[in-house]
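Reading through the structure tokens given below for one structure.
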Number of protein chains: 2
Amino acid sequence: MLLNLDGDGELYLQLSRALKAAVLEGRLVAGSRLPATRVLAQDLGLSRNTVVAAYELLCAEHLAVARVGSGTFVGGDTSPRRSGRVRQERVDAQSTYAARLRSLPPLPLPMRRAGTAINPQYGEPVTHAGLFTAWGRALASAAARADPGYPSAQGAPELRAQIAAYLGRRRGVVCAADDIVVVNGTQQALALLARVLLDEGDRVALEEPGYALAKHCFVAHGARLVPVPMGSDGFDVAGLPDPPIKLIVVTPSHQFPLGVAMSLPLRRALLAHAARTGAWIAEDDYDGEFGFEGRVLPALRSLDEADRVIYIGTFSKTMLPSMRLAYIVCPRALRHDIVLARRVMDLASPGIEQQALARFMASGAFDRHLRRSAVELRRRRHALIEGLDRHAAGRITVQDSGTGMHLIAWLPGFDGAAVQGLIDTAAERGLGLHSLAPHYETPPPVQALLLGFAAASVAQIHQATRLLGECLDAVERSQSVKPHRRRVGG
Amino acid sequence: MLLNLDGDGELYLQLSRALKAAVLEGRLVAGSRLPATRVLAQDLGLSRNTVVAAYELLCAEHLAVARVGSGTFVGGDTSPRRSGRVRQERVDAQSTYAARLRSLPPLPLPMRRAGTAINPQYGEPVTHAGLFTAWGRALASAAARADPGYPSAQGAPELRAQIAAYLGRRRGVVCAADDIVVVNGTQQALALLARVLLDEGDRVALEEPGYALAKHCFVAHGARLVPVPMGSDGFDVAGLPDPPIKLIVVTPSHQFPLGVAMSLPLRRALLAHAARTGAWIAEDDYDGEFGFEGRVLPALRSLDEADRVIYIGTFSKTMLPSMRLAYIVCPRALRHDIVLARRVMDLASPGIEQQALARFMASGAFDRHLRRSAVELRRRRHALIEGLDRHAAGRITVQDSGTGMHLIAWLPGFDGAAVQGLIDTAAERGLGLHSLAPHYETPPPVQALLLGFAAASVAQIHQATRLLGECLDAVERSQSVKPHRRRVGG
């Protein structure tokens, strides 16, 4: 405890004054426990009686309360904190970066809608109590073996070796542990690429519609965005303008948010374009692990013979988003710069978590969890598609490529206001829905909902589709009398 | 497992060809275990007999080995991987940021010197088996209660509340949980400040000598560095040039690396300067928690009435550097920008670790660990000072402000080559030493060693000082005949 005795008079009075000042200035928070008298006496080199006397004085002044058997607590009715600080609530943006940050629209984050019990949201993976227990055990075991020092900026070699083996086995990506850089989530991978690849004004091509946090990252960085409209079979380089693009960010396995898988001809065209123009391709393979009917597509990186694809994989969808662990498979020529940038950005990823994950993967527990997740996802996806067919057929059109963890329910005939009406109606009935529109730069030609099937049980999905059907009924009834619907109709 | 059957002929032959391709292309790594036949059959929707037959064929071709009771493994003598990829080893820096990164000198990182048994190094905290066990338990318990979703960009409210209470109690800093942003280590705090406060060409004042990773962060960002020479009682704003500085980075509690504590008059002058010129002050309080003889100094932030001090605290020295958890106490006017920048940089800090730390602090375990660490640090510091006095008196001069976890041993009469000779001699005898020189921008006027006393036991410190004495003897003997010493002497 930080206390300054003023040297004036008896020690217990000095200590009492110092404690009183700490309470009145708000340094000791109301309700918090004061140290045991023995402990404080030892810390300050005073006799225990001195501390006891000072505490008694504090209690007499109602600045503290002694509770028998549990100690002395800072009084709850002390005057409000006074820090004497003049707090300026707002200043002009202090850098162009901050100014650009302030200009960004709100993020469509995959959050559960407050007050809704049923959330067919996207973005959260399949979890179950067994996963949390197993992961907790892995963490505790790694903590017991932890190296107390600073972790490697590139990532723990044991984890990188496991990731390399996993990528070969399940994503068709052949790489060595040395090609991999462990990062804190896909977002850090994107932020590193902005730093290492892009000067202000450089052009970066992004899918439209696309992942809003990627847009935000590159806009804040000062890059010029080139949105490329998504076709029915993926991102088409034919849509790129003539002058060369420095970086092209794609989600070829399962486009976010549309769910389209990029066709092989478009993949080859994209790789040829990169090889020819010297563009870099960032492949964000956020949920490519999961495929259902038919085969899973190998990653774009597996076809990349010119070493232009920067592959980004994440454990947010295969384990837990709260882990904040992802990785980059770096083209050889960029690896050193990415590691240097990572060190300057935040030194390294947490050591214990990396060791825990390496062992979790080496033990086979990760593969078992993936298989279990795939089985569960198949059941949930089936329940969603079947429920939509039963309760919403003819009013929505499902678009689904048979991979990933969410699908799109198109709402032909809806405008933005009608979608908002549907979302509001659903929220009143305890159902959380998310519109596709915020993922577009400009208002979308057709409205839709993003429906995730990973984070809700089959029973919840049954209930969700039933509720959605009811909400569609309700919105249709109310809309038939609303002016904007009449205008659309007329 | 990612396998594409070619549809040609019998299924077991198709599967065997697909597996063979995966092995030969390096997607299946030599020595790794193939999935159990039951599991692969289920994954691919084939009969188990088909998989068994394919595995047998693979074994017959020596591409796999069946081990009774443990499964089938990819053969260890497969041909080298062929990815067909043309790997360019190096390209020109792709951004000015990358170019600046490449131009930076090597970092003086606090690493154990390879092959040395005794390491009085700086940078690592006091640890003991009990801490790892307790932390592992806290992690496992937090994992069991984990929220599967994305954590808050500002940091877990529970953890921020604990940090606010801790700062009031032990660092004299009055703040609310809402003023705090949790980050991945001090380095991320610095990287965020660069983004939010500095445009390219803006001036940032740094202590000289100072923390190399801070320099690297700001140089890479494109800021102009203004080094301010350290006086005997700290950073003196009188040393700043006239044109205003945007950001001033200081370590007032225990200057890194010199160990000086900034005097009260200099603190007041610095705060007045900031209030007058509108400069921001980043207070890096990396080990201010630990003080020995006399009282611990409250943080500079506790005196800051104009809300210009951005306080940075870390758990790297009070818990473990591998945790990568630190925090910023933000001036009100900057908080929103810092949270936005953090979200774009890497979204959030890991959720389970934040919850574990919040409970570790709330339970009193953190305060107990701090007290135990302080007792141990006091013993180790005493052993170091006493050992230096016994074995190196007259040849080194100890500088120590009575706080922190390292001290400076000045080596009057040594030049850079002589210090390197001393370090090499020590390494031969199993003693790891670190020079002060790499922490200077230009060669220092007097050479010195940085000696940490946190990460070595009292017995190791006894041995380290004895060895250091022997090395000083050896270097003096050899130097008396070396030309550069004669030149210096003559």
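Ligands are numbered from 1 in the order shown, residues from 1 within each chain, and chains are lettered A, B, ... in the order they appear in the structure tokens.
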| task | Excluding range 374-382 of chain A and residues on its chain fewer than 2 positions from it, collect all residues at most 7 Å away from it, counting only C-alpha atoms, and give them as a list in words. | result | Phe290, Phe292, Leu370, Arg371, Arg372, Leu384, Ile385, Glu386, Phe453, Ala454, Ser457 and Val458 of chain A
Since we have the selection now, will you write its residues out, keeping N, CA and C atoms, as a JSON list (two decimals), in the first residue's frame?
```json
[["chain", "number", "residue", "atom", "x", "y", "z"],
["A", 290, "PHE", "N", -14.92, -26.20, -42.27],
["A", 290, "PHE", "CA", -16.17, -26.95, -42.18],
["A", 290, "PHE", "C", -16.90, -27.05, -43.51],
["A", 292, "PHE", "N", -19.88, -29.61, -45.74],
["A", 292, "PHE", "CA", -20.89, -30.63, -45.50],
["A", 292, "PHE", "C", -21.06, -31.48, -46.75],
["A", 370, "LEU", "N", -12.81, -31.01, -33.64],
["A", 370, "LEU", "CA", -13.24, -30.63, -34.99],
["A", 370, "LEU", "C", -14.27, -31.60, -35.52],
["A", 371, "ARG", "N", -14.04, -32.91, -35.31],
["A", 371, "ARG", "CA", -14.99, -33.90, -35.80],
["A", 371, "ARG", "C", -16.33, -33.75, -35.11],
["A", 372, "ARG", "N", -16.25, -33.55, -33.79],
["A", 372, "ARG", "CA", -17.48, -33.38, -33.02],
["A", 372, "ARG", "C", -18.21, -32.11, -33.50],
["A", 384, "LEU", "N", -31.78, -25.86, -39.62],
["A", 384, "LEU", "CA", -32.05, -24.49, -40.07],
["A", 384, "LEU", "C", -32.68, -24.50, -41.46],
["A", 385, "ILE", "N", -32.07, -25.26, -42.37],
["A", 385, "ILE", "CA", -32.59, -25.27, -43.74],
["A", 385, "ILE", "C", -34.00, -25.86, -43.77],
["A", 386, "GLU", "N", -34.20, -26.94, -43.02],
["A", 386, "GLU", "CA", -35.52, -27.57, -42.96],
["A", 386, "GLU", "C", -36.55, -26.64, -42.33],
["A", 453, "PHE", "N", -25.64, -20.92, -37.74],
["A", 453, "PHE", "CA", -26.22, -22.14, -37.15],
["A", 453, "PHE", "C", -25.24, -22.83, -36.20],
["A", 454, "ALA", "N", -24.14, -22.15, -35.85],
["A", 454, "ALA", "CA", -23.15, -22.82, -35.00],
["A", 454, "ALA", "C", -23.45, -22.64, -33.52],
["A", 457, "SER", "N", -28.54, -24.42, -30.44],
["A", 457, "SER", "CA", -28.83, -25.86, -30.46],
["A", 457, "SER", "C", -29.91, -26.14, -31.52],
["A", 458, "VAL", "N", -30.07, -27.42, -31.85],
["A", 458, "VAL", "CA", -31.10, -27.81, -32.81],
["A", 458, "VAL", "C", -32.48, -27.35, -32.32]]
```
| task | Using only C-alpha atoms, determine which residues lie at most 8 Å from Tyr122 in chain B, disregarding the query and same-chain residues fewer than 3 positions distant; provide the list as an MDAnalysis selection string. | result | chainID B and resid 110 405:406 450:455
Could you take the residues named above and write them with N, CA, C and O atoms, as an mmCIF file, in the first residue's frame?
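File written: part_23.cif
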```cif
data_model
loop_
_atom_site.group_PDB
_atom_site.id
_atom_site.type_symbol
_atom_site.label_atom_id
_atom_site.label_comp_id
_atom_site.auth_asym_id
_atom_site.auth_seq_id
_atom_site.Cartn_x
_atom_site.Cartn_y
_atom_site.Cartn_z
ATOM 1 N N PRO B 110 16.065 -8.684 -23.392
ATOM 2 C CA PRO B 110 16.509 -9.320 -22.146
ATOM 3 C C PRO B 110 16.392 -10.839 -22.231
ATOM 4 O O PRO B 110 15.517 -11.435 -21.656
ATOM 5 N N MET B 405 13.865 -3.618 -10.310
ATOM 6 C CA MET B 405 14.331 -4.989 -10.352
ATOM 7 C C MET B 405 15.705 -5.129 -10.995
ATOM 8 O O MET B 405 16.121 -6.232 -11.317
ATOM 9 N N HIS B 406 16.374 -4.013 -11.225
ATOM 10 C CA HIS B 406 17.743 -4.103 -11.739
ATOM 11 C C HIS B 406 18.521 -2.887 -11.269
ATOM 12 O O HIS B 406 17.950 -1.915 -10.791
ATOM 13 N N LEU B 450 24.074 -3.833 -16.965
ATOM 14 C CA LEU B 450 22.741 -3.888 -16.350
ATOM 15 C C LEU B 450 22.661 -5.207 -15.597
ATOM 16 O O LEU B 450 22.772 -6.267 -16.200
ATOM 17 N N LEU B 451 22.441 -5.128 -14.300
ATOM 18 C CA LEU B 451 22.346 -6.355 -13.519
ATOM 19 C C LEU B 451 20.950 -6.475 -12.917
ATOM 20 O O LEU B 451 20.534 -5.637 -12.102
ATOM 21 N N GLY B 452 20.215 -7.496 -13.318
ATOM 22 C CA GLY B 452 18.894 -7.743 -12.743
ATOM 23 C C GLY B 452 19.038 -8.643 -11.535
ATOM 24 O O GLY B 452 19.947 -9.460 -11.462
ATOM 25 N N PHE B 453 18.136 -8.468 -10.564
ATOM 26 C CA PHE B 453 18.209 -9.352 -9.396
ATOM 27 C C PHE B 453 16.892 -10.075 -9.147
ATOM 28 O O PHE B 453 16.704 -10.704 -8.121
ATOM 29 N N ALA B 454 15.967 -10.030 -10.116
ATOM 30 C CA ALA B 454 14.658 -10.649 -9.878
ATOM 31 C C ALA B 454 14.646 -12.123 -10.264
ATOM 32 O O ALA B 454 14.026 -12.943 -9.601
ATOM 33 N N ALA B 455 15.351 -12.473 -11.334
ATOM 34 C CA ALA B 455 15.168 -13.813 -11.908
ATOM 35 C C ALA B 455 16.237 -14.807 -11.464
ATOM 36 O O ALA B 455 16.301 -15.906 -11.976
#
```
If you run DSSP on the backbone, which residues of range 206-361 of chain B are helix (DSSP H, G or I), as a JSON list (two decimals) with N, CA and C atoms, in the first residue's frame?
```
[["chain", "number", "residue", "atom", "x", "y", "z"],
["B", 212, "ALA", "N", 14.67, 0.47, -25.87],
["B", 212, "ALA", "CA", 14.88, 0.34, -27.32],
["B", 212, "ALA", "C", 13.60, 0.02, -28.08],
["B", 213, "LEU", "N", 12.72, -0.80, -27.50],
["B", 213, "LEU", "CA", 11.52, -1.17, -28.25],
["B", 213, "LEU", "C", 10.56, 0.02, -28.41],
["B", 214, "ALA", "N", 10.62, 0.98, -27.49],
["B", 214, "ALA", "CA", 9.84, 2.21, -27.68],
["B", 214, "ALA", "C", 10.41, 3.01, -28.85],
["B", 215, "LYS", "N", 11.73, 3.14, -28.87],
["B", 215, "LYS", "CA", 12.38, 3.83, -30.00],
["B", 215, "LYS", "C", 11.98, 3.17, -31.31],
["B", 216, "HIS", "N", 12.08, 1.86, -31.37],
["B", 216, "HIS", "CA", 11.78, 1.14, -32.61],
["B", 216, "HIS", "C", 10.34, 1.40, -33.06],
["B", 217, "CYS", "N", 9.44, 1.37, -32.10],
["B", 217, "CYS", "CA", 8.03, 1.59, -32.41],
["B", 217, "CYS", "C", 7.83, 2.95, -33.06],
["B", 218, "PHE", "N", 8.43, 4.00, -32.48],
["B", 218, "PHE", "CA", 8.19, 5.35, -32.99],
["B", 218, "PHE", "C", 8.98, 5.62, -34.28],
["B", 219, "VAL", "N", 10.18, 5.07, -34.38],
["B", 219, "VAL", "CA", 10.94, 5.23, -35.62],
["B", 219, "VAL", "C", 10.20, 4.54, -36.77],
["B", 220, "ALA", "N", 9.75, 3.32, -36.55],
["B", 220, "ALA", "CA", 9.03, 2.59, -37.60],
["B", 220, "ALA", "C", 7.78, 3.37, -38.01],
["B", 221, "HIS", "N", 7.14, 4.00, -37.05],
["B", 221, "HIS", "CA", 5.92, 4.76, -37.32],
["B", 221, "HIS", "C", 6.21, 6.00, -38.16],
["B", 237, "VAL", "N", 12.72, 18.64, -18.64],
["B", 237, "VAL", "CA", 12.10, 19.30, -19.79],
["B", 237, "VAL", "C", 12.92, 20.47, -20.28],
["B", 238, "ALA", "N", 13.80, 21.00, -19.42],
["B", 238, "ALA", "CA", 14.67, 22.08, -19.86],
["B", 238, "ALA", "C", 15.54, 21.62, -21.03],
["B", 239, "GLY", "N", 15.73, 20.31, -21.16],
["B", 239, "GLY", "CA", 16.53, 19.77, -22.26],
["B", 239, "GLY", "C", 15.77, 19.67, -23.57],
["B", 264, "LEU", "N", 10.78, 15.26, -7.53],
["B", 264, "LEU", "CA", 9.49, 15.96, -7.52],
["B", 264, "LEU", "C", 9.53, 17.27, -8.30],
["B", 265, "PRO", "N", 10.58, 18.09, -8.16],
["B", 265, "PRO", "CA", 10.61, 19.32, -8.97],
["B", 265, "PRO", "C", 10.59, 19.03, -10.47],
["B", 266, "LEU", "N", 11.32, 18.01, -10.92],
["B", 266, "LEU", "CA", 11.31, 17.69, -12.35],
["B", 266, "LEU", "C", 9.94, 17.16, -12.78],
["B", 267, "ARG", "N", 9.28, 16.39, -11.90],
["B", 267, "ARG", "CA", 7.93, 15.91, -12.22],
["B", 267, "ARG", "C", 6.98, 17.09, -12.42],
["B", 268, "ARG", "N", 7.06, 18.03, -11.47],
["B", 268, "ARG", "CA", 6.16, 19.19, -11.57],
["B", 268, "ARG", "C", 6.47, 20.01, -12.82],
["B", 269, "ALA", "N", 7.75, 20.14, -13.14],
["B", 269, "ALA", "CA", 8.13, 20.91, -14.33],
["B", 269, "ALA", "C", 7.60, 20.21, -15.60],
["B", 270, "LEU", "N", 7.70, 18.90, -15.61],
["B", 270, "LEU", "CA", 7.24, 18.13, -16.78],
["B", 270, "LEU", "C", 5.72, 18.29, -16.96],
["B", 271, "LEU", "N", 4.98, 18.19, -15.84],
["B", 271, "LEU", "CA", 3.52, 18.32, -15.92],
["B", 271, "LEU", "C", 3.12, 19.73, -16.35],
["B", 272, "ALA", "N", 3.84, 20.73, -15.83],
["B", 272, "ALA", "CA", 3.55, 22.11, -16.19],
["B", 272, "ALA", "C", 3.82, 22.33, -17.69],
["B", 273, "HIS", "N", 4.93, 21.76, -18.17],
["B", 273, "HIS", "CA", 5.27, 21.86, -19.58],
["B", 273, "HIS", "C", 4.15, 21.27, -20.44],
["B", 274, "ALA", "N", 3.66, 20.10, -20.04],
["B", 274, "ALA", "CA", 2.61, 19.43, -20.82],
["B", 274, "ALA", "C", 1.33, 20.26, -20.81],
["B", 275, "ALA", "N", 0.97, 20.77, -19.64],
["B", 275, "ALA", "CA", -0.26, 21.57, -19.54],
["B", 275, "ALA", "C", -0.13, 22.83, -20.40],
["B", 276, "ARG", "N", 1.07, 23.42, -20.44],
["B", 276, "ARG", "CA", 1.27, 24.67, -21.17],
["B", 276, "ARG", "C", 1.32, 24.44, -22.68],
["B", 277, "THR", "N", 2.05, 23.39, -23.12],
["B", 277, "THR", "CA", 2.29, 23.22, -24.56],
["B", 277, "THR", "C", 1.28, 22.26, -25.20],
["B", 300, "LEU", "N", 3.63, 9.32, -11.52],
["B", 300, "LEU", "CA", 3.53, 10.69, -12.03],
["B", 300, "LEU", "C", 2.05, 11.05, -12.27],
["B", 301, "ARG", "N", 1.29, 10.11, -12.79],
["B", 301, "ARG", "CA", -0.13, 10.33, -13.08],
["B", 301, "ARG", "C", -0.91, 10.84, -11.85],
["B", 302, "SER", "N", -0.45, 10.47, -10.65],
["B", 302, "SER", "CA", -1.18, 10.88, -9.45],
["B", 302, "SER", "C", -1.07, 12.39, -9.22],
["B", 303, "LEU", "N", -0.09, 13.03, -9.85],
["B", 303, "LEU", "CA", 0.09, 14.48, -9.69],
["B", 303, "LEU", "C", -0.51, 15.27, -10.86],
["B", 321, "PRO", "N", 5.95, -12.06, -17.90],
["B", 321, "PRO", "CA", 6.01, -11.40, -19.21],
["B", 321, "PRO", "C", 5.27, -12.18, -20.28],
["B", 322, "SER", "N", 5.20, -13.51, -20.14],
["B", 322, "SER", "CA", 4.56, -14.31, -21.18],
["B", 322, "SER", "C", 3.05, -14.13, -21.18],
["B", 323, "MET", "N", 2.49, -13.48, -20.15],
["B", 323, "MET", "CA", 1.04, -13.23, -20.12],
["B", 323, "MET", "C", 0.60, -12.24, -21.18],
["B", 332, "ARG", "N", -9.30, 11.38, -20.44],
["B", 332, "ARG", "CA", -10.66, 11.26, -20.92],
["B", 332, "ARG", "C", -10.78, 11.55, -22.43],
["B", 333, "ALA", "N", -10.05, 12.58, -22.88],
["B", 333, "ALA", "CA", -10.21, 13.02, -24.27],
["B", 333, "ALA", "C", -9.66, 12.01, -25.28],
["B", 334, "LEU", "N", -8.82, 11.09, -24.84],
["B", 334, "LEU", "CA", -8.20, 10.14, -25.76],
["B", 334, "LEU", "C", -8.82, 8.75, -25.73],
["B", 335, "ARG", "N", -9.60, 8.48, -24.71],
["B", 335, "ARG", "CA", -10.03, 7.10, -24.48],
["B", 335, "ARG", "C", -10.76, 6.49, -25.68],
["B", 336, "HIS", "N", -11.69, 7.24, -26.21],
["B", 336, "HIS", "CA", -12.48, 6.69, -27.31],
["B", 336, "HIS", "C", -11.60, 6.34, -28.52],
["B", 337, "ASP", "N", -10.68, 7.25, -28.86],
["B", 337, "ASP", "CA", -9.79, 6.98, -29.99],
["B", 337, "ASP", "C", -8.92, 5.74, -29.74],
["B", 338, "ILE", "N", -8.46, 5.60, -28.50],
["B", 338, "ILE", "CA", -7.59, 4.46, -28.18],
["B", 338, "ILE", "C", -8.37, 3.16, -28.30],
["B", 339, "VAL", "N", -9.60, 3.15, -27.83],
["B", 339, "VAL", "CA", -10.42, 1.92, -27.94],
["B", 339, "VAL", "C", -10.70, 1.59, -29.41],
["B", 340, "LEU", "N", -11.02, 2.63, -30.21],
["B", 340, "LEU", "CA", -11.26, 2.38, -31.64],
["B", 340, "LEU", "C", -10.01, 1.82, -32.31],
["B", 341, "ALA", "N", -8.86, 2.40, -31.99],
["B", 341, "ALA", "CA", -7.61, 1.96, -32.61],
["B", 341, "ALA", "C", -7.29, 0.53, -32.20],
["B", 342, "ARG", "N", -7.57, 0.22, -30.95],
["B", 342, "ARG", "CA", -7.30, -1.12, -30.45],
["B", 342, "ARG", "C", -8.18, -2.16, -31.17],
["B", 343, "ARG", "N", -9.43, -1.82, -31.41],
["B", 343, "ARG", "CA", -10.32, -2.75, -32.09],
["B", 343, "ARG", "C", -9.80, -3.04, -33.50],
["B", 344, "VAL", "N", -9.34, -2.01, -34.18],
["B", 344, "VAL", "CA", -8.85, -2.19, -35.54],
["B", 344, "VAL", "C", -7.51, -2.93, -35.55],
["B", 345, "MET", "N", -6.72, -2.74, -34.48],
["B", 345, "MET", "CA", -5.40, -3.37, -34.42],
["B", 345, "MET", "C", -5.48, -4.87, -34.17],
["B", 346, "ASP", "N", -6.30, -5.31, -33.23],
["B", 346, "ASP", "CA", -6.42, -6.77, -33.01],
["B", 346, "ASP", "C", -7.65, -7.14, -32.18],
["B", 351, "GLY", "N", -10.01, -13.45, -23.64],
["B", 351, "GLY", "CA", -11.06, -13.36, -22.64],
["B", 351, "GLY", "C", -10.79, -14.19, -21.39],
["B", 352, "ILE", "N", -10.33, -15.42, -21.57],
["B", 352, "ILE", "CA", -10.15, -16.30, -20.41],
["B", 352, "ILE", "C", -9.07, -15.74, -19.48],
["B", 353, "GLU", "N", -7.96, -15.25, -20.06],
["B", 353, "GLU", "CA", -6.87, -14.70, -19.27],
["B", 353, "GLU", "C", -7.34, -13.49, -18.48],
["B", 354, "GLN", "N", -8.16, -12.64, -19.12],
["B", 354, "GLN", "CA", -8.64, -11.45, -18.41],
["B", 354, "GLN", "C", -9.53, -11.84, -17.23],
["B", 355, "GLN", "N", -10.41, -12.82, -17.45],
["B", 355, "GLN", "CA", -11.27, -13.27, -16.35],
["B", 355, "GLN", "C", -10.45, -13.91, -15.24],
["B", 356, "ALA", "N", -9.46, -14.70, -15.64],
["B", 356, "ALA", "CA", -8.61, -15.37, -14.65],
["B", 356, "ALA", "C", -7.89, -14.33, -13.80],
["B", 357, "LEU", "N", -7.36, -13.30, -14.45],
["B", 357, "LEU", "CA", -6.60, -12.28, -13.73],
["B", 357, "LEU", "C", -7.53, -11.47, -12.81],
["B", 358, "ALA", "N", -8.73, -11.17, -13.28],
["B", 358, "ALA", "CA", -9.68, -10.42, -12.45],
["B", 358, "ALA", "C", -9.97, -11.18, -11.15],
["B", 359, "ARG", "N", -10.17, -12.49, -11.26],
["B", 359, "ARG", "CA", -10.45, -13.28, -10.07],
["B", 359, "ARG", "C", -9.21, -13.44, -9.19],
["B", 360, "PHE", "N", -8.06, -13.58, -9.85],
["B", 360, "PHE", "CA", -6.79, -13.69, -9.11],
["B", 360, "PHE", "C", -6.59, -12.43, -8.26],
["B", 361, "MET", "N", -6.94, -11.27, -8.81],
["B", 361, "MET", "CA", -6.80, -10.01, -8.07],
["B", 361, "MET", "C", -7.87, -9.89, -7.00]]
```
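Atom to atom, CA of Glu10 in chain A and CA of Ala22 in chain A stand 18.7 Å apart.
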| request: Excluding Thr37 in chain B and any residue of its chain fewer than 5 positions from it, enumerate the residues within 9 Å of it, using only C-alpha atoms, and give them as a PyMOL selection string. | output: chain B and resi 42+48-52+55+71
| field | Selection near Pro229 in chain A, 8 Å with only C-alpha atoms, sequence-local residues under 3 positions removed, as JSON, numbers by chain | value | {"A": [207, 208, 209, 235, 239]}
Residues from last step as file, all heavy atoms, as a CSV table (one decimal), in the first residue's frame:
```csv
chain,number,residue,atom,x,y,z
A,207,GLU,N,-13.6,-7.5,-51.1
A,207,GLU,CA,-14.9,-8.0,-51.6
A,207,GLU,C,-16.0,-7.1,-51.2
A,207,GLU,O,-16.0,-6.6,-50.1
A,207,GLU,CB,-15.1,-9.4,-51.0
A,207,GLU,CG,-14.0,-10.5,-51.5
A,207,GLU,CD,-14.1,-11.7,-50.7
A,207,GLU,OE1,-14.5,-11.7,-49.5
A,207,GLU,OE2,-13.7,-12.8,-51.3
A,208,GLU,N,-17.0,-7.0,-52.1
A,208,GLU,CA,-18.2,-6.2,-51.8
A,208,GLU,C,-19.4,-7.0,-52.1
A,208,GLU,O,-19.6,-7.4,-53.2
A,208,GLU,CB,-18.1,-4.9,-52.6
A,208,GLU,CG,-19.4,-4.1,-52.7
A,208,GLU,CD,-19.8,-3.5,-51.3
A,208,GLU,OE1,-19.0,-3.6,-50.4
A,208,GLU,OE2,-20.9,-3.0,-51.2
A,209,PRO,N,-20.3,-7.3,-51.1
A,209,PRO,CA,-20.1,-7.0,-49.6
A,209,PRO,C,-18.9,-7.8,-49.0
A,209,PRO,O,-18.5,-8.7,-49.6
A,209,PRO,CB,-21.4,-7.5,-49.0
A,209,PRO,CG,-21.9,-8.6,-49.9
A,209,PRO,CD,-21.4,-8.2,-51.3
A,235,PHE,N,-15.1,-13.9,-56.3
A,235,PHE,CA,-14.4,-12.6,-56.6
A,235,PHE,C,-13.8,-12.7,-58.0
A,235,PHE,O,-13.0,-13.6,-58.2
A,235,PHE,CB,-13.3,-12.5,-55.5
A,235,PHE,CG,-12.5,-11.3,-55.6
A,235,PHE,CD1,-12.7,-10.2,-54.7
A,235,PHE,CD2,-11.5,-11.1,-56.5
A,235,PHE,CE1,-12.0,-9.1,-54.7
A,235,PHE,CE2,-10.7,-10.0,-56.6
A,235,PHE,CZ,-10.9,-9.0,-55.7
A,239,GLY,N,-13.2,-7.8,-62.5
A,239,GLY,CA,-13.8,-6.6,-62.0
A,239,GLY,C,-12.8,-5.5,-61.5
A,239,GLY,O,-13.2,-4.5,-61.1
```
| message | Show me, as a ChimeraX atom specification, the residues of chain A whose atoms get within 6 Å of chain B, using only C-alpha atoms for the distance check. | response | /A:1-2,27-28,85-91,94-95,98,132-133,136-137,140,143-144,148-151,168-170,172,174,187-188,191,196-199,217,305-307,320-324,332-333,344-346,350-351
| query | Out of range 245-472 of chain A, which residues get strand (DSSP E or B) from DSSP, as an NGL selection string? | reply | :A and (247-250 or 280-284 or 291 or 309-314 or 326-329 or 393 or 396-399 or 403 or 406-410 or 431 or 434-435 or 448-452)
